[in-house]
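Below is one structure, written out as structure tokens; the observations come after it.
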Amino acid sequence: MPLVNMKDMLDHAHANGYAVGAFDLVSLDFLDAILRGAESRRAPVILSLAESHFGYFDFQTLMPAVVAAARHSTVPVAIHLDHGASLDSAVQAINLGCNGIMVDSSSAPLEENIRLTRKIVTMARGCGIPVEGELGYVPGVEGEDAERHPGEMAYTTVDEARRYVAETGVDFLAVSIGTVHGRMRGKPELDFQRLAQINQALGIPLVIHGGTGLSDDQFRRLIDNGVAKINYYTALADAAGRVIAANASREARGYTALVAGIGDTIQAEVERCIDLWGSADRADAVLEKARPWRAVEHVIIYNVEGLDEAGTHAMMAEGRRVLSAIPGVLEVVTAEALKEDAAYRYSWLVRFCHPAVVDSYRDHPDHMAFADQHFRPVAGERISIDYQDVEDSSS
């Protein structure tokens with residue numbers, strides 16, 4: 001089960017002088033190619049899903065495939081929400097299986113950025129989820145992502161970075177030192193002195209957004225100055241686009257003929273980045289150090305008094321609606337025994353993304369209201385047990 005704690009993964013990269021690629025995916029073709037690239041190089045990898053790309057795919061539909069692919073991978077994987085738009089976005093991403101969160105408030109004034117980010121961190125801590133914050137602003141210049149990141153460059157300052165991290169508690173910080181989202185116009189000029197000062201002041205993994213277009217030397221200098229996560233998408237999309245254009249020029253017909261070969265091309269670019277960023281052959285070391293990401297099964301078996309069958313089913317339906325929206329709840333399943341003479345007639349199975357959710361779920365006001373008003377008054381005879389998934393890399 002190589003889905004691992006993302007904080008452990010990036011702490012290892014930061015301590016050992018390499019960077020993990022956070023490759024944005026927009027389809028199953030991207031998902032498969034990114035994982036094949038990471039596995040061929042025995043590298044840890046982050047599967048990144050940007051809310052700004054949700055127009056290309058249905059997030060709720062794609063996420064089960066992403067989680068399944070990560071769990072079947074032979075290298076350590078984390079699943080990250082990139083550029084989330086709100087607290088609701090973060091909760092949805094966690095409840096669908098992301099184990100890293102970035103909600104982008106970087107365009108807001110510093111005080112507002114701190115306030116909004118602190119809310120995300122408080123919620124995510126209750127789910128055991130690490131949080132990436134962004135300070136400064138990385139605009140878009142050209143390409144698919146440019147229109148999603150309008151505005152002027154705002155560089156990260158050391159003093160504001162120190163305050164932001166102290167007051168929000170973020171685990172990683174995305175910094176603005178001269179990169180852009182999309183394609184570069186001309187040669188990018190990066191402020192490495194600024195980056196070195198931020199790294200020295202904070203001592204946490206730093207993140208670069210807008211990795212496309214940088215030179216090999218620039219990437220190495222970024223990593224030498226504390227960058228442990230590099231977001232990467234435009235070059236992958238451009239490589240896939242060139243394959244489709246070449247297929248079309250040969251008068252290929254039909255979808256499958258047009259996209260033939262894009263997986264191999266994306267994989268090759270992922271492998272190039274992994275080799276350059278120093279994460280090749282790090283998989284085993286990360287698997288040894290990083291905690292596996294395992295769900296918790298909150299199981300309740302019970303009998304009901306004072307409700308008929310219709311009332312019991314209505315209570316269950318209300319529970320599914322309310323409880324499934326609590327941060328860290330992956331799934332809510334209600335069931336009844338096959339045999340009417342079973343010792344316990346009904347059951348709940350509530351899957352938590354992380355053991356931390358046991359406490360945050362118990363104390364969440366929506367859970368307390370449902371339990372006190374709907375469930376406990378009619379389910380006096382019950383047994384409740386929390387189980388942790390038992391899995392390994394061979395499963």
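Labels used: A, B, ... for chains in the order of the structure tokens, numbers from 1 for residues in each chain, and numbers from 1 for ligands as shown.
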_Nearby residues (only C-alpha atoms) at most 10 Å from range 218-231 of chain A, same-chain spacing under 2 positions excluded, as a ChimeraX atom specification_ = /A:9-24,45-46,48,82,172-175,181,188-200,202-216,233-234,273,276-279
I want to know what sits within 12 Å of Ala371 in chain A, based on only C-alpha atoms, with residues of the same chain fewer than 4 positions away left out; could you give that as a PDB file with all heavy atoms, in the first residue's frame?
ATOM      1  N   MET A 315     -33.903   7.411   9.347  1.00  0.00           N
ATOM      2  CA  MET A 315     -32.809   7.819  10.231  1.00  0.00           C
ATOM      3  C   MET A 315     -31.461   7.512   9.584  1.00  0.00           C
ATOM      4  O   MET A 315     -30.529   8.319   9.614  1.00  0.00           O
ATOM      5  CB  MET A 315     -32.944   7.102  11.569  1.00  0.00           C
ATOM      6  CG  MET A 315     -31.857   7.429  12.592  1.00  0.00           C
ATOM      7  SD  MET A 315     -30.455   6.279  12.518  1.00  0.00           S
ATOM      8  CE  MET A 315     -31.231   4.760  13.116  1.00  0.00           C
ATOM      9  N   MET A 316     -31.336   6.341   8.957  1.00  0.00           N
ATOM     10  CA  MET A 316     -30.091   5.979   8.277  1.00  0.00           C
ATOM     11  C   MET A 316     -29.790   6.944   7.128  1.00  0.00           C
ATOM     12  O   MET A 316     -28.641   7.376   6.945  1.00  0.00           O
ATOM     13  CB  MET A 316     -30.194   4.558   7.725  1.00  0.00           C
ATOM     14  CG  MET A 316     -30.196   3.452   8.763  1.00  0.00           C
ATOM     15  SD  MET A 316     -30.411   1.854   7.926  1.00  0.00           S
ATOM     16  CE  MET A 316     -30.025   0.713   9.255  1.00  0.00           C
ATOM     17  N   GLU A 318     -30.717  10.027   6.778  1.00  0.00           N
ATOM     18  CA  GLU A 318     -30.284  11.309   7.334  1.00  0.00           C
ATOM     19  C   GLU A 318     -28.833  11.208   7.814  1.00  0.00           C
ATOM     20  O   GLU A 318     -28.029  12.131   7.619  1.00  0.00           O
ATOM     21  CB  GLU A 318     -31.203  11.728   8.482  1.00  0.00           C
ATOM     22  CG  GLU A 318     -30.796  13.004   9.198  1.00  0.00           C
ATOM     23  CD  GLU A 318     -30.935  14.241   8.307  1.00  0.00           C
ATOM     24  OE1 GLU A 318     -31.401  14.130   7.162  1.00  0.00           O
ATOM     25  OE2 GLU A 318     -30.572  15.329   8.787  1.00  0.00           O
ATOM     26  N   GLY A 319     -28.483  10.096   8.411  1.00  0.00           N
ATOM     27  CA  GLY A 319     -27.102   9.903   8.855  1.00  0.00           C
ATOM     28  C   GLY A 319     -26.128   9.899   7.692  1.00  0.00           C
ATOM     29  O   GLY A 319     -25.048  10.498   7.773  1.00  0.00           O
ATOM     30  N   VAL A 322     -25.717  13.577   6.541  1.00  0.00           N
ATOM     31  CA  VAL A 322     -25.019  14.476   7.468  1.00  0.00           C
ATOM     32  C   VAL A 322     -23.570  14.040   7.686  1.00  0.00           C
ATOM     33  O   VAL A 322     -22.640  14.850   7.591  1.00  0.00           O
ATOM     34  CB  VAL A 322     -25.766  14.533   8.819  1.00  0.00           C
ATOM     35  CG1 VAL A 322     -24.946  15.275   9.866  1.00  0.00           C
ATOM     36  CG2 VAL A 322     -27.129  15.183   8.634  1.00  0.00           C
ATOM     37  N   LEU A 323     -23.374  12.769   7.960  1.00  0.00           N
ATOM     38  CA  LEU A 323     -22.053  12.303   8.370  1.00  0.00           C
ATOM     39  C   LEU A 323     -21.066  12.292   7.220  1.00  0.00           C
ATOM     40  O   LEU A 323     -19.856  12.490   7.422  1.00  0.00           O
ATOM     41  CB  LEU A 323     -22.160  10.912   8.995  1.00  0.00           C
ATOM     42  CG  LEU A 323     -23.108  10.799  10.196  1.00  0.00           C
ATOM     43  CD1 LEU A 323     -23.147   9.363  10.709  1.00  0.00           C
ATOM     44  CD2 LEU A 323     -22.710  11.769  11.306  1.00  0.00           C
ATOM     45  N   TYR A 361     -14.099  13.721  14.337  1.00  0.00           N
ATOM     46  CA  TYR A 361     -15.457  13.294  13.982  1.00  0.00           C
ATOM     47  C   TYR A 361     -16.331  13.220  15.228  1.00  0.00           C
ATOM     48  O   TYR A 361     -17.470  13.711  15.225  1.00  0.00           O
ATOM     49  CB  TYR A 361     -15.373  11.941  13.304  1.00  0.00           C
ATOM     50  CG  TYR A 361     -16.691  11.241  13.035  1.00  0.00           C
ATOM     51  CD1 TYR A 361     -17.400  11.484  11.864  1.00  0.00           C
ATOM     52  CD2 TYR A 361     -17.204  10.293  13.932  1.00  0.00           C
ATOM     53  CE1 TYR A 361     -18.585  10.816  11.597  1.00  0.00           C
ATOM     54  CE2 TYR A 361     -18.381   9.631  13.674  1.00  0.00           C
ATOM     55  CZ  TYR A 361     -19.075   9.896  12.514  1.00  0.00           C
ATOM     56  OH  TYR A 361     -20.250   9.234  12.260  1.00  0.00           O
ATOM     57  N   ARG A 362     -15.802  12.621  16.284  1.00  0.00           N
ATOM     58  CA  ARG A 362     -16.579  12.484  17.516  1.00  0.00           C
ATOM     59  C   ARG A 362     -17.040  13.841  18.033  1.00  0.00           C
ATOM     60  O   ARG A 362     -18.176  14.000  18.499  1.00  0.00           O
ATOM     61  CB  ARG A 362     -15.710  11.796  18.580  1.00  0.00           C
ATOM     62  CG  ARG A 362     -16.401  11.597  19.933  1.00  0.00           C
ATOM     63  CD  ARG A 362     -15.369  11.260  20.997  1.00  0.00           C
ATOM     64  NE  ARG A 362     -14.410  12.345  21.165  1.00  0.00           N
ATOM     65  CZ  ARG A 362     -13.099  12.162  21.367  1.00  0.00           C
ATOM     66  NH1 ARG A 362     -12.587  10.955  21.411  1.00  0.00           N
ATOM     67  NH2 ARG A 362     -12.304  13.215  21.517  1.00  0.00           N
ATOM     68  N   ASP A 363     -16.171  14.856  17.934  1.00  0.00           N
ATOM     69  CA  ASP A 363     -16.480  16.166  18.488  1.00  0.00           C
ATOM     70  C   ASP A 363     -17.097  17.127  17.473  1.00  0.00           C
ATOM     71  O   ASP A 363     -17.408  18.273  17.829  1.00  0.00           O
ATOM     72  CB  ASP A 363     -15.190  16.801  19.042  1.00  0.00           C
ATOM     73  CG  ASP A 363     -14.579  15.974  20.165  1.00  0.00           C
ATOM     74  OD1 ASP A 363     -15.341  15.266  20.863  1.00  0.00           O
ATOM     75  OD2 ASP A 363     -13.345  16.033  20.342  1.00  0.00           O
ATOM     76  N   HIS A 364     -17.266  16.696  16.236  1.00  0.00           N
ATOM     77  CA  HIS A 364     -17.816  17.600  15.227  1.00  0.00           C
ATOM     78  C   HIS A 364     -19.277  17.903  15.559  1.00  0.00           C
ATOM     79  O   HIS A 364     -20.064  16.999  15.863  1.00  0.00           O
ATOM     80  CB  HIS A 364     -17.720  16.961  13.837  1.00  0.00           C
ATOM     81  CG  HIS A 364     -17.948  17.933  12.735  1.00  0.00           C
ATOM     82  ND1 HIS A 364     -19.204  18.326  12.337  1.00  0.00           N
ATOM     83  CD2 HIS A 364     -17.065  18.605  11.932  1.00  0.00           C
ATOM     84  CE1 HIS A 364     -19.100  19.195  11.347  1.00  0.00           C
ATOM     85  NE2 HIS A 364     -17.814  19.377  11.072  1.00  0.00           N
ATOM     86  N   PRO A 365     -19.680  19.173  15.478  1.00  0.00           N
ATOM     87  CA  PRO A 365     -21.063  19.524  15.884  1.00  0.00           C
ATOM     88  C   PRO A 365     -22.137  18.814  15.063  1.00  0.00           C
ATOM     89  O   PRO A 365     -23.212  18.500  15.601  1.00  0.00           O
ATOM     90  CB  PRO A 365     -21.118  21.041  15.688  1.00  0.00           C
ATOM     91  CG  PRO A 365     -19.935  21.393  14.844  1.00  0.00           C
ATOM     92  CD  PRO A 365     -18.900  20.380  15.144  1.00  0.00           C
ATOM     93  N   ASP A 366     -21.873  18.536  13.788  1.00  0.00           N
ATOM     94  CA  ASP A 366     -22.888  17.844  12.980  1.00  0.00           C
ATOM     95  C   ASP A 366     -23.055  16.393  13.422  1.00  0.00           C
ATOM     96  O   ASP A 366     -24.183  15.871  13.457  1.00  0.00           O
ATOM     97  CB  ASP A 366     -22.511  17.886  11.504  1.00  0.00           C
ATOM     98  CG  ASP A 366     -22.631  19.281  10.917  1.00  0.00           C
ATOM     99  OD1 ASP A 366     -23.260  20.153  11.561  1.00  0.00           O
ATOM    100  OD2 ASP A 366     -22.088  19.507   9.819  1.00  0.00           O
ATOM    101  N   HIS A 367     -21.946  15.742  13.775  1.00  0.00           N
ATOM    102  CA  HIS A 367     -22.048  14.375  14.294  1.00  0.00           C
ATOM    103  C   HIS A 367     -22.765  14.365  15.638  1.00  0.00           C
ATOM    104  O   HIS A 367     -23.653  13.530  15.881  1.00  0.00           O
ATOM    105  CB  HIS A 367     -20.656  13.750  14.452  1.00  0.00           C
ATOM    106  CG  HIS A 367     -20.659  12.490  15.248  1.00  0.00           C
ATOM    107  ND1 HIS A 367     -20.224  12.423  16.561  1.00  0.00           N
ATOM    108  CD2 HIS A 367     -21.103  11.241  14.951  1.00  0.00           C
ATOM    109  CE1 HIS A 367     -20.373  11.197  17.006  1.00  0.00           C
ATOM    110  NE2 HIS A 367     -20.898  10.462  16.061  1.00  0.00           N
ATOM    111  N   PHE A 375     -29.947   9.349  16.617  1.00  0.00           N
ATOM    112  CA  PHE A 375     -29.450   7.984  16.728  1.00  0.00           C
ATOM    113  C   PHE A 375     -29.490   7.425  18.148  1.00  0.00           C
ATOM    114  O   PHE A 375     -30.136   6.397  18.397  1.00  0.00           O
ATOM    115  CB  PHE A 375     -28.014   7.909  16.186  1.00  0.00           C
ATOM    116  CG  PHE A 375     -27.417   6.529  16.258  1.00  0.00           C
ATOM    117  CD1 PHE A 375     -27.931   5.487  15.490  1.00  0.00           C
ATOM    118  CD2 PHE A 375     -26.343   6.257  17.090  1.00  0.00           C
ATOM    119  CE1 PHE A 375     -27.395   4.208  15.560  1.00  0.00           C
ATOM    120  CE2 PHE A 375     -25.785   4.996  17.168  1.00  0.00           C
ATOM    121  CZ  PHE A 375     -26.316   3.960  16.401  1.00  0.00           C
ATOM    122  N   ARG A 376     -28.844   8.082  19.077  1.00  0.00           N
ATOM    123  CA  ARG A 376     -28.742   7.520  20.429  1.00  0.00           C
ATOM    124  C   ARG A 376     -30.094   7.301  21.103  1.00  0.00           C
ATOM    125  O   ARG A 376     -30.256   6.305  21.826  1.00  0.00           O
ATOM    126  CB  ARG A 376     -27.846   8.414  21.293  1.00  0.00           C
ATOM    127  CG  ARG A 376     -26.385   8.365  20.882  1.00  0.00           C
ATOM    128  CD  ARG A 376     -25.509   9.250  21.747  1.00  0.00           C
ATOM    129  NE  ARG A 376     -24.125   9.224  21.294  1.00  0.00           N
ATOM    130  CZ  ARG A 376     -23.365  10.297  21.140  1.00  0.00           C
ATOM    131  NH1 ARG A 376     -23.871  11.501  21.409  1.00  0.00           N
ATOM    132  NH2 ARG A 376     -22.119  10.198  20.737  1.00  0.00           N
ATOM    133  N   PRO A 377     -31.089   8.182  20.907  1.00  0.00           N
ATOM    134  CA  PRO A 377     -32.377   7.947  21.576  1.00  0.00           C
ATOM    135  C   PRO A 377     -33.057   6.641  21.171  1.00  0.00           C
ATOM    136  O   PRO A 377     -33.882   6.109  21.930  1.00  0.00           O
ATOM    137  CB  PRO A 377     -33.219   9.158  21.156  1.00  0.00           C
ATOM    138  CG  PRO A 377     -32.225  10.229  20.854  1.00  0.00           C
ATOM    139  CD  PRO A 377     -31.066   9.509  20.243  1.00  0.00           C
ATOM    140  N   VAL A 378     -32.730   6.100  19.976  1.00  0.00           N
ATOM    141  CA  VAL A 378     -33.413   4.884  19.516  1.00  0.00           C
ATOM    142  C   VAL A 378     -32.479   3.681  19.434  1.00  0.00           C
ATOM    143  O   VAL A 378     -32.920   2.565  19.140  1.00  0.00           O
ATOM    144  CB  VAL A 378     -34.067   5.112  18.132  1.00  0.00           C
ATOM    145  CG1 VAL A 378     -35.112   6.218  18.224  1.00  0.00           C
ATOM    146  CG2 VAL A 378     -33.035   5.413  17.054  1.00  0.00           C
ATOM    147  N   ALA A 379     -31.189   3.891  19.689  1.00  0.00           N
ATOM    148  CA  ALA A 379     -30.206   2.802  19.545  1.00  0.00           C
ATOM    149  C   ALA A 379     -29.450   2.616  20.848  1.00  0.00           C
ATOM    150  O   ALA A 379     -28.227   2.746  20.907  1.00  0.00           O
ATOM    151  CB  ALA A 379     -29.246   3.093  18.391  1.00  0.00           C
ATOM    152  N   GLY A 380     -30.174   2.284  21.888  1.00  0.00           N
ATOM    153  CA  GLY A 380     -29.539   2.110  23.189  1.00  0.00           C
ATOM    154  C   GLY A 380     -28.646   0.892  23.263  1.00  0.00           C
ATOM    155  O   GLY A 380     -27.660   0.862  23.998  1.00  0.00           O
TER     156      GLY A 380
END
_With DSSP run on the backbone, what are the strand (DSSP E) residues within range 168-394 of chain A? I'd like them as a PyMOL selection string._
chain A and resi 172-175+206-208+227-232+296-302+329-336+346-352+382-388
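Of the listed residues (A:Pro2, A:Pro109, A:Gly84, A:Gly169), A:Pro2 comes nearest to Arg291 in chain A; the distances count only C-alpha atoms.
If only C-alpha atoms are the atoms counted, then among A:Pro76, A:Ser106, A:Arg71, A:Tyr387 the closest residue to Lys289 in chain A is A:Pro76.
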*Leaving out His354 in chain A and any residue of its chain fewer than 4 positions from it, which residues lie within 12 Å of it when counting only C-alpha atoms, given as an MDAnalysis selection string?*
chainID A and resid 4:5 94:95 97:99 124:130 291:298 327:330 350 358:361 386:389
_DSSP-assigned helix (DSSP H, G or I) among range 65-280 of chain A, expressed as a PyMOL selection string_ = chain A and resi 65-72+87-96+110-125+146-148+158-168+192-202+216-224+234-249+255-259+262-277
